[in-house]
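Text of protein.txt, listed as compact mmCIF, C-alpha atoms:
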# COMPACT_ATOMS: atom_id res chain seq x y z
CA MET A 5 0.00 0.00 0.00
CA ASN A 6 8.39 1.89 -2.05
CA GLU A 7 11.02 3.23 -0.45
CA ARG A 8 10.13 3.86 3.18
CA PRO A 9 11.75 6.74 5.06
CA ALA A 10 14.40 5.32 7.37
CA ILE A 11 13.34 4.54 10.91
CA SER A 12 15.45 6.40 13.45
CA ALA A 13 16.72 3.65 15.75
CA ALA A 14 19.73 2.53 17.69
CA ARG A 15 22.31 1.09 15.36
CA TYR A 16 22.05 -2.31 16.89
CA THR A 17 20.17 -3.96 19.71
CA ALA A 18 20.87 -7.61 20.43
CA ILE A 19 17.70 -9.69 20.16
CA ARG A 20 17.82 -12.44 22.72
CA ASP A 21 15.05 -14.69 21.36
CA ASP A 22 13.46 -15.69 18.07
CA LEU A 23 10.00 -14.91 16.74
CA THR A 24 8.07 -17.92 18.00
CA ASP A 25 5.00 -19.29 16.30
CA ALA A 26 2.92 -18.06 19.22
CA SER A 27 4.25 -14.51 18.89
CA PHE A 28 3.84 -14.59 15.12
CA ASP A 29 0.24 -15.79 15.46
CA CYS A 30 -0.48 -12.96 17.86
CA ILE A 31 1.03 -10.35 15.52
CA ALA A 32 -0.88 -11.82 12.59
CA ARG A 33 -4.12 -11.68 14.58
CA ILE A 34 -3.52 -8.05 15.57
CA ALA A 35 -2.71 -7.11 11.96
CA HIS A 36 -5.94 -8.72 10.77
CA GLU A 37 -8.08 -7.13 13.48
CA GLN A 38 -6.58 -3.66 13.08
CA ALA A 39 -5.98 -3.41 9.34
CA GLY A 40 -7.48 -6.49 7.68
CA LEU A 41 -4.02 -7.77 6.72
CA VAL A 42 -3.66 -11.48 6.04
CA LEU A 43 -0.30 -12.87 7.18
CA PRO A 44 0.11 -16.61 6.58
CA HIS A 45 3.00 -18.49 8.18
CA ALA A 46 4.82 -18.34 4.85
CA LYS A 47 5.41 -14.65 5.63
CA LYS A 48 6.94 -15.26 9.04
CA ASN A 49 10.46 -14.26 7.96
CA MET A 50 9.13 -11.07 6.35
CA VAL A 51 7.23 -10.21 9.53
CA LYS A 52 10.30 -10.92 11.65
CA SER A 53 12.52 -8.66 9.52
CA ARG A 54 10.07 -5.78 9.88
CA VAL A 55 9.18 -6.21 13.54
CA VAL A 56 12.85 -6.47 14.53
CA ARG A 57 13.24 -2.84 13.39
CA ARG A 58 10.65 -1.84 15.96
CA LEU A 59 12.44 -3.83 18.69
CA ARG A 60 15.66 -2.01 17.90
CA ALA A 61 13.92 1.36 17.74
CA LEU A 62 12.51 0.70 21.21
CA LYS A 63 15.76 -0.95 22.43
CA MET A 64 13.83 -4.10 23.27
CA GLN A 65 15.42 -7.56 23.16
CA SER A 66 12.45 -9.91 23.08
CA PHE A 67 9.69 -10.48 20.54
CA GLY A 68 7.55 -11.77 23.38
CA ASP A 69 7.96 -8.51 25.32
CA TYR A 70 7.12 -6.56 22.17
CA VAL A 71 3.91 -8.54 21.66
CA ASP A 72 2.96 -7.88 25.29
CA LEU A 73 3.52 -4.16 24.68
CA VAL A 74 1.29 -3.88 21.62
CA ARG A 75 -1.42 -5.92 23.31
CA GLY A 76 -1.33 -3.82 26.48
CA ILE A 77 -3.06 -0.58 27.43
CA ASP A 78 0.17 1.37 26.91
CA GLY A 79 0.73 0.02 23.41
CA LYS A 80 -1.68 2.16 21.38
CA ASP A 81 1.01 4.31 19.75
CA GLU A 82 3.24 1.33 19.09
CA LEU A 83 0.31 -0.56 17.59
CA ARG A 84 0.19 2.07 14.85
CA ASN A 85 3.94 1.70 14.32
CA LEU A 86 3.52 -2.06 14.01
CA ILE A 87 0.86 -1.72 11.31
CA ASN A 88 3.02 0.81 9.50
CA ALA A 89 5.97 -1.59 9.62
CA LEU A 90 3.90 -4.45 8.22
CA THR A 91 2.37 -2.40 5.43
CA THR A 92 4.17 -2.87 2.14
CA ASN A 93 4.79 0.40 0.31
CA VAL A 94 5.71 -0.42 -3.27
CA SER A 95 4.83 2.14 -5.90
CA GLN A 96 6.18 4.16 -8.79
CA PHE A 97 5.08 7.01 -10.99
CA PHE A 98 2.63 5.97 -13.72
CA ARG A 99 2.55 2.40 -12.46
CA GLU A 100 0.29 0.21 -14.64
CA ASN A 101 0.38 2.81 -17.37
CA HIS A 102 -2.69 1.40 -19.15
CA HIS A 103 -4.81 3.01 -16.42
CA PHE A 104 -3.39 6.42 -17.24
CA ASP A 105 -4.07 5.81 -20.95
CA LEU A 106 -7.68 5.08 -19.94
CA LEU A 107 -7.79 8.35 -18.01
CA ARG A 108 -6.57 10.35 -20.98
CA GLN A 109 -8.75 8.68 -23.59
CA THR A 110 -11.98 7.85 -21.76
CA VAL A 111 -12.38 8.95 -18.16
CA LEU A 112 -11.07 12.50 -17.84
CA PRO A 113 -12.30 14.28 -21.00
CA LEU A 114 -15.91 14.35 -19.78
CA LEU A 115 -14.93 15.11 -16.20
CA LEU A 116 -12.76 18.04 -17.26
CA GLN A 117 -15.53 19.37 -19.49
CA ARG A 118 -17.78 19.36 -16.45
CA ALA A 119 -15.14 21.14 -14.37
CA ALA A 120 -14.65 23.79 -17.07
CA LYS A 121 -18.38 24.56 -16.82
CA GLY A 122 -18.20 25.04 -13.06
CA GLY A 123 -18.85 21.48 -11.89
CA LYS A 124 -16.71 19.63 -9.38
CA VAL A 125 -14.54 16.55 -9.87
CA ARG A 126 -13.42 14.34 -7.01
CA ILE A 127 -10.75 11.63 -7.24
CA TRP A 128 -9.56 9.32 -4.48
CA SER A 129 -6.23 7.50 -4.33
CA ALA A 130 -6.84 4.86 -1.65
CA GLY A 131 -3.60 3.35 -0.41
CA CYS A 132 -1.58 6.19 -1.94
CA SER A 133 1.73 5.10 -0.40
CA ASN A 134 4.44 7.73 -0.94
CA GLY A 135 2.37 9.89 -3.27
CA GLN A 136 3.58 8.73 -6.66
CA GLU A 137 0.08 7.64 -7.70
CA PRO A 138 -1.83 10.85 -6.85
CA TYR A 139 0.92 13.02 -8.31
CA SER A 140 0.79 10.95 -11.50
CA ILE A 141 -2.96 11.62 -11.66
CA ALA A 142 -2.32 15.32 -11.09
CA MET A 143 0.18 15.39 -13.95
CA VAL A 144 -2.36 13.85 -16.35
CA LEU A 145 -5.03 16.33 -15.24
CA THR A 146 -2.70 19.27 -15.78
CA ASP A 147 -1.49 17.97 -19.13
CA MET A 148 -5.09 17.78 -20.29
CA ASP A 149 -6.21 21.12 -18.84
CA SER A 150 -3.56 23.69 -18.02
CA ALA A 151 -6.17 25.62 -16.01
CA VAL A 152 -7.17 22.66 -13.86
CA ALA A 153 -5.71 24.30 -10.74
CA THR A 154 -8.40 26.99 -11.06
CA ARG A 155 -11.22 24.42 -11.32
CA ASP A 156 -13.07 22.60 -8.56
CA VAL A 157 -10.94 19.50 -9.03
CA ARG A 158 -9.43 17.74 -6.04
CA ILE A 159 -7.51 14.52 -5.36
CA LEU A 160 -7.85 12.88 -1.95
CA ALA A 161 -4.90 10.61 -1.15
CA THR A 162 -5.14 8.31 1.87
CA ASP A 163 -2.96 5.68 3.52
CA ILE A 164 -2.77 3.92 6.85
CA ASP A 165 0.96 4.65 7.17
CA ILE A 166 1.69 8.10 8.58
CA GLU A 167 5.38 7.85 7.69
CA VAL A 168 4.77 7.52 3.97
CA LEU A 169 2.07 10.20 4.15
CA GLY A 170 4.63 12.59 5.58
CA PHE A 171 7.03 11.65 2.80
CA ALA A 172 4.27 12.17 0.19
CA SER A 173 3.30 15.56 1.63
CA ARG A 174 6.88 16.78 1.34
CA ALA A 175 6.75 15.66 -2.31
CA THR A 176 10.51 15.40 -2.57
CA TYR A 177 11.88 12.36 -4.36
CA PRO A 178 15.39 11.08 -5.04
CA ASP A 179 16.09 10.54 -8.72
CA THR A 180 16.00 6.77 -8.11
CA MET A 181 12.24 7.06 -7.45
CA LEU A 182 11.47 9.04 -10.60
CA GLU A 183 11.51 6.05 -12.91
CA GLY A 184 8.38 6.12 -15.05
CA VAL A 185 8.16 9.91 -15.26
CA PRO A 186 8.43 10.99 -18.93
CA PRO A 187 11.32 13.42 -19.49
CA ALA A 188 8.92 16.19 -20.53
CA ASN A 189 6.98 15.77 -17.28
CA LEU A 190 10.16 15.68 -15.24
CA SER A 191 11.23 19.09 -16.50
CA LYS A 192 7.71 20.52 -16.28
CA TYR A 193 6.49 19.22 -12.93
CA PHE A 194 9.63 18.77 -10.80
CA GLN A 195 12.18 21.23 -9.47
CA LYS A 196 15.64 20.26 -8.29
CA VAL A 197 15.96 20.78 -4.54
CA THR A 198 18.37 23.61 -3.77
CA GLY A 199 21.73 22.29 -2.69
CA GLN A 200 20.91 18.73 -3.73
CA THR A 201 22.14 17.03 -6.87
CA SER A 202 19.71 14.13 -6.98
CA GLU A 203 16.49 15.23 -5.22
CA PHE A 204 13.48 16.76 -6.92
CA GLN A 205 10.28 18.28 -5.53
CA VAL A 206 6.88 18.25 -7.19
CA VAL A 207 5.94 21.80 -8.22
CA ALA A 208 3.49 23.72 -6.02
CA ALA A 209 0.69 23.80 -8.62
CA LEU A 210 0.52 19.99 -8.58
CA ARG A 211 0.85 19.73 -4.81
CA LYS A 212 -2.19 21.98 -4.37
CA LEU A 213 -4.37 19.49 -6.23
CA VAL A 214 -3.69 16.72 -3.68
CA SER A 215 -4.74 16.41 -0.04
CA PHE A 216 -3.14 13.66 2.06
CA ARG A 217 -5.02 12.07 4.95
CA GLU A 218 -4.45 9.12 7.26
CA LEU A 219 -7.14 6.47 6.82
CA ASN A 220 -7.58 2.84 7.80
CA LEU A 221 -9.82 1.45 5.05
CA HIS A 222 -11.43 -0.93 7.52
CA GLU A 223 -12.63 1.80 9.85
CA ARG A 224 -15.23 4.53 9.42
CA TRP A 225 -14.67 6.80 6.43
CA PRO A 226 -15.13 10.48 7.34
CA MET A 227 -15.57 11.72 3.76
CA GLN A 228 -19.01 11.88 2.17
CA GLY A 229 -18.28 11.41 -1.51
CA PRO A 230 -19.29 10.80 -4.15
CA PHE A 231 -16.09 10.24 -6.10
CA ASP A 232 -15.89 10.24 -9.86
CA LEU A 233 -12.80 8.05 -9.83
CA ILE A 234 -11.24 5.81 -7.19
CA PHE A 235 -7.80 4.25 -7.47
CA CYS A 236 -7.32 1.29 -5.12
CA ARG A 237 -4.58 -0.72 -6.73
CA ASN A 238 -2.61 -3.59 -5.23
CA VAL A 239 -4.25 -3.04 -1.85
CA LEU A 240 -7.03 -5.65 -1.88
CA ILE A 241 -4.52 -8.48 -2.29
CA TYR A 242 -3.45 -8.05 1.34
CA PHE A 243 -6.96 -8.76 2.67
CA ASP A 244 -9.05 -11.89 2.97
CA ALA A 245 -12.04 -12.54 0.67
CA GLN A 246 -14.61 -11.19 3.12
CA ALA A 247 -12.70 -7.95 3.66
CA GLN A 248 -12.22 -7.53 -0.10
CA GLU A 249 -15.93 -7.89 -0.75
CA ARG A 250 -16.80 -5.49 2.04
CA LEU A 251 -14.38 -2.86 0.72
CA LEU A 252 -15.60 -3.19 -2.86
CA THR A 253 -19.15 -2.74 -1.62
CA ARG A 254 -18.15 0.44 0.17
CA PHE A 255 -16.26 1.74 -2.85
CA HIS A 256 -19.37 1.14 -4.96
CA GLU A 257 -21.39 3.29 -2.57
CA MET A 258 -18.82 6.07 -2.68
CA LEU A 259 -18.77 6.25 -6.47
CA ALA A 260 -20.84 8.74 -8.41
CA PRO A 261 -23.24 7.25 -10.99
CA ASP A 262 -21.02 5.87 -13.77
CA GLY A 263 -17.98 6.48 -11.57
CA TRP A 264 -14.81 4.48 -12.13
CA LEU A 265 -12.88 2.12 -9.84
CA LEU A 266 -9.35 1.06 -10.85
CA ILE A 267 -7.82 -1.98 -9.12
CA GLY A 268 -4.50 -3.82 -9.35
CA HIS A 269 -3.43 -6.18 -12.11
CA SER A 270 -3.82 -9.29 -9.92
CA GLU A 271 -7.06 -8.25 -8.21
CA ARG A 272 -10.54 -9.42 -9.15
CA VAL A 273 -14.10 -8.60 -8.13
CA PRO A 274 -15.84 -11.49 -6.32
CA ALA A 275 -18.61 -13.18 -8.28
CA SER A 276 -21.10 -12.24 -5.55
CA ILE A 277 -20.89 -8.53 -6.47
CA ALA A 278 -19.54 -8.68 -10.03
CA ALA A 279 -22.92 -7.68 -11.46
CA ASP A 280 -22.69 -4.35 -9.64
CA PHE A 281 -19.77 -3.25 -11.81
CA THR A 282 -19.28 -3.22 -15.55
CA SER A 283 -15.88 -3.71 -17.14
CA GLY A 284 -14.31 -0.62 -18.66
CA GLY A 285 -10.99 -2.18 -19.58
CA ILE A 286 -8.14 -4.05 -17.92
CA THR A 287 -8.84 -3.94 -14.15
CA ALA A 288 -11.07 -0.91 -14.75
CA LEU A 289 -14.58 -1.08 -13.33
CA ARG A 290 -17.55 1.23 -13.67
CA ARG A 291 -20.35 1.59 -11.16
CA SER A 292 -23.61 0.10 -12.33
CA GLY A 293 -26.93 0.38 -10.55
CA ILE A 294 -27.52 -0.40 -6.88
CA MET A 295 -25.57 -3.05 -5.01
CA GLN A 296 -27.34 -6.39 -5.21
CA ASN A 297 -25.89 -7.62 -1.90
CA GLN A 298 -25.74 -4.80 0.59
CA HIS A 299 -23.50 -5.37 3.58
CA PRO A 300 -24.59 -4.09 6.99
CA SER A 301 -21.69 -1.62 6.91
CA ALA A 302 -22.59 -0.20 3.51
CA GLY A 303 -25.80 1.72 3.96
CA GLY A 304 -26.43 5.40 3.37
CA LYS A 305 -24.01 8.23 2.75
CA HIS A 306 -22.22 7.80 6.05
CA VAL A 307 -20.40 4.60 5.14
CA ALA A 308 -19.17 2.88 8.26
Could you write out this file's structure as structure tokens?
Amino acid sequence: MNERPAISAARYTAIRDDLTDASFDCIARIAHEQAGLVLPHAKKNMVKSRVVRRLRALKMQSFGDYVDLVRGIDGKDELRNLINALTTNVSQFFRENHHFDLLRQTVLPLLLQRAAKGGKVRIWSAGCSNGQEPYSIAMVLTDMDSAVATRDVRILATDIDIEVLGFASRATYPDTMLEGVPPANLSKYFQKVTGQTSEFQVVAALRKLVSFRELNLHERWPMQGPFDLIFCRNVLIYFDAQAQERLLTRFHEMLAPDGWLLIGHSERVPASIAADFTSGGITALRRSGIMQNQHPSAGGKHVA
């Protein structure tokens, strides 16, 4: 849901025990309860490598003690850090470029016509990671309408990880993270950071189009919608089938009539709700009608 900003921690803290199956099971259960993450035993080594960073940051020596901390009444802040550590943040500019071709050719022309006539356009990047996705959307919008910054067009970008949200808000990227940005866009939409030879910041006009907010997709959503376009790509794969169906139901409710939902290349809509979307291309879905199978959490404008 990329290159994560470095965690400030002691250089080395000796860990005196291993991640036992019992501790792993507890961490996996917490991750599922708090963020809907599915962590099978095959991911035990991955979990260990990420949790050990938190032990060292806290100068703790035992996985068992760490589990006791996050389960205890004093572990609320560290619980957030644990979820952040377990959240994968892999992204790049213009990832899955066929979606951006769809935006240019099919989705955005009508939306921008509406905006030019005084209407509003709302786009949501759910699981925005370090900001490469919403800034890619902003580049396409600006390429298609140089006056888009004066229109009522906004991009909401949300993620559960406050560290990557801070990184995204700063909008400063090393050149190693700019792969995928066309050369013309690089010169037009990025400025070299003063005093740095290999860091570039997104220009202010693009930054103003995007608002970053912390959001756990499995908790109450404070925004009202509707959205004309929702990106939620390579996020659903981390959840179990029930959570995926529940989220897709909620996305459907948040879409405007004929609104678009873009998902990841390996993600699919469950058969139970497939009739509520129509295909608009590769992993591109369009809202159709009223949900056939409403979930208890998906009623009314205030989606819980």
### Query
So how far away is CA of Ala209 (chain A) from CA of Ser150 (chain A), in Å?
10.3 Å
### Message
Please determine, counting only C-alpha atoms, which residue among A:His222, A:Arg291, A:Arg108, A:Lys192 has the shortest atom-to-atom distance to Leu259 (chain A).
### Response
A:Arg291
### Task
Counting all atoms listed in the file, note down every residue that has an atom within 12 Å of the point (-6.4, -7.6, 7.1) (file coordinates), as a ChimeraX atom specification.
/A:31-44,87,90-91,220-223,239-248,250-251
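Of the residues under consideration (A:His256, A:Lys121, A:Lys52, A:Arg272), A:Lys52 shows the shortest atom-to-atom contact distance to Asp21 (chain A) when counting all atoms listed in the file.
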### Message
Counting all atoms listed in the file, which residue out of A:Val71, A:Leu83, A:Ile234, A:Ala175 sits closest to Val206 (chain A)?
### Response
A:Ala175
### Message
Would you compute the distance between CA of Arg174 (chain A) and CA of Leu160 (chain A)? Give it in Å to one decimal.
### Response
15.6 Å
Would you kindly place N, CA and C atoms on region 229-262 of chain A and return the model as a CSV table (one decimal), in the frame of the given file?
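Below you can see part.csv, which holds the result:
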chain,number,residue,atom,x,y,z
A,229,GLY,N,-18.1,11.8,-0.1
A,229,GLY,CA,-18.3,11.4,-1.5
A,229,GLY,C,-19.4,12.3,-2.2
A,230,PRO,N,-19.8,11.9,-3.4
A,230,PRO,CA,-19.3,10.8,-4.2
A,230,PRO,C,-18.0,11.1,-4.9
A,231,PHE,N,-17.3,10.1,-5.3
A,231,PHE,CA,-16.1,10.2,-6.1
A,231,PHE,C,-16.3,9.8,-7.5
A,232,ASP,N,-15.8,10.6,-8.4
A,232,ASP,CA,-15.9,10.2,-9.9
A,232,ASP,C,-14.9,9.1,-10.3
A,233,LEU,N,-13.9,9.0,-9.5
A,233,LEU,CA,-12.8,8.0,-9.8
A,233,LEU,C,-12.1,7.6,-8.6
A,234,ILE,N,-12.0,6.3,-8.4
A,234,ILE,CA,-11.2,5.8,-7.2
A,234,ILE,C,-10.1,4.9,-7.7
A,235,PHE,N,-8.9,5.2,-7.3
A,235,PHE,CA,-7.8,4.2,-7.5
A,235,PHE,C,-7.6,3.5,-6.2
A,236,CYS,N,-7.7,2.1,-6.3
A,236,CYS,CA,-7.3,1.3,-5.1
A,236,CYS,C,-6.6,0.1,-5.7
A,237,ARG,N,-5.3,0.3,-6.0
A,237,ARG,CA,-4.6,-0.7,-6.7
A,237,ARG,C,-3.6,-1.4,-5.9
A,238,ASN,N,-3.6,-2.8,-6.0
A,238,ASN,CA,-2.6,-3.6,-5.2
A,238,ASN,C,-2.7,-3.4,-3.7
A,239,VAL,N,-3.9,-3.2,-3.3
A,239,VAL,CA,-4.2,-3.0,-1.8
A,239,VAL,C,-5.1,-4.2,-1.4
A,240,LEU,N,-6.1,-4.6,-2.2
A,240,LEU,CA,-7.0,-5.6,-1.9
A,240,LEU,C,-6.3,-7.0,-1.7
A,241,ILE,N,-5.2,-7.2,-2.4
A,241,ILE,CA,-4.5,-8.5,-2.3
A,241,ILE,C,-4.0,-8.8,-0.9
A,242,TYR,N,-3.9,-7.8,0.0
A,242,TYR,CA,-3.4,-8.0,1.3
A,242,TYR,C,-4.6,-8.5,2.3
A,243,PHE,N,-5.8,-8.5,1.8
A,243,PHE,CA,-7.0,-8.8,2.7
A,243,PHE,C,-7.6,-10.1,2.3
A,244,ASP,N,-8.3,-10.6,3.3
A,244,ASP,CA,-9.0,-11.9,3.0
A,244,ASP,C,-10.3,-11.6,2.1
A,245,ALA,N,-10.9,-12.7,1.6
A,245,ALA,CA,-12.0,-12.5,0.7
A,245,ALA,C,-13.2,-11.7,1.2
A,246,GLN,N,-13.5,-11.9,2.5
A,246,GLN,CA,-14.6,-11.2,3.1
A,246,GLN,C,-14.3,-9.7,3.2
A,247,ALA,N,-13.1,-9.4,3.6
A,247,ALA,CA,-12.7,-8.0,3.7
A,247,ALA,C,-12.7,-7.3,2.3
A,248,GLN,N,-12.2,-8.1,1.3
A,248,GLN,CA,-12.2,-7.5,-0.1
A,248,GLN,C,-13.6,-7.2,-0.6
A,249,GLU,N,-14.6,-8.1,-0.3
A,249,GLU,CA,-15.9,-7.9,-0.8
A,249,GLU,C,-16.6,-6.7,0.0
A,250,ARG,N,-16.3,-6.6,1.3
A,250,ARG,CA,-16.8,-5.5,2.0
A,250,ARG,C,-16.3,-4.1,1.5
A,251,LEU,N,-15.0,-4.1,1.2
A,251,LEU,CA,-14.4,-2.9,0.7
A,251,LEU,C,-14.9,-2.5,-0.7
A,252,LEU,N,-15.1,-3.5,-1.5
A,252,LEU,CA,-15.6,-3.2,-2.9
A,252,LEU,C,-17.0,-2.7,-2.8
A,253,THR,N,-17.8,-3.2,-1.8
A,253,THR,CA,-19.2,-2.7,-1.6
A,253,THR,C,-19.1,-1.3,-1.2
A,254,ARG,N,-18.2,-0.9,-0.3
A,254,ARG,CA,-18.2,0.4,0.2
A,254,ARG,C,-17.7,1.4,-0.9
A,255,PHE,N,-16.7,0.9,-1.7
A,255,PHE,CA,-16.3,1.7,-2.8
A,255,PHE,C,-17.4,2.0,-3.8
A,256,HIS,N,-18.2,1.0,-4.1
A,256,HIS,CA,-19.4,1.1,-5.0
A,256,HIS,C,-20.3,2.2,-4.5
A,257,GLU,N,-20.5,2.3,-3.2
A,257,GLU,CA,-21.4,3.3,-2.6
A,257,GLU,C,-20.8,4.7,-2.7
A,258,MET,N,-19.5,4.8,-2.7
A,258,MET,CA,-18.8,6.1,-2.7
A,258,MET,C,-18.6,6.6,-4.1
A,259,LEU,N,-18.9,5.8,-5.1
A,259,LEU,CA,-18.8,6.2,-6.5
A,259,LEU,C,-20.0,7.0,-6.9
A,260,ALA,N,-19.7,8.0,-7.7
A,260,ALA,CA,-20.8,8.7,-8.4
A,260,ALA,C,-21.4,7.8,-9.4
A,261,PRO,N,-22.7,8.0,-9.9
A,261,PRO,CA,-23.2,7.2,-11.0
A,261,PRO,C,-22.3,7.2,-12.2
A,262,ASP,N,-22.0,6.1,-12.7
A,262,ASP,CA,-21.0,5.9,-13.8
A,262,ASP,C,-19.6,6.2,-13.4
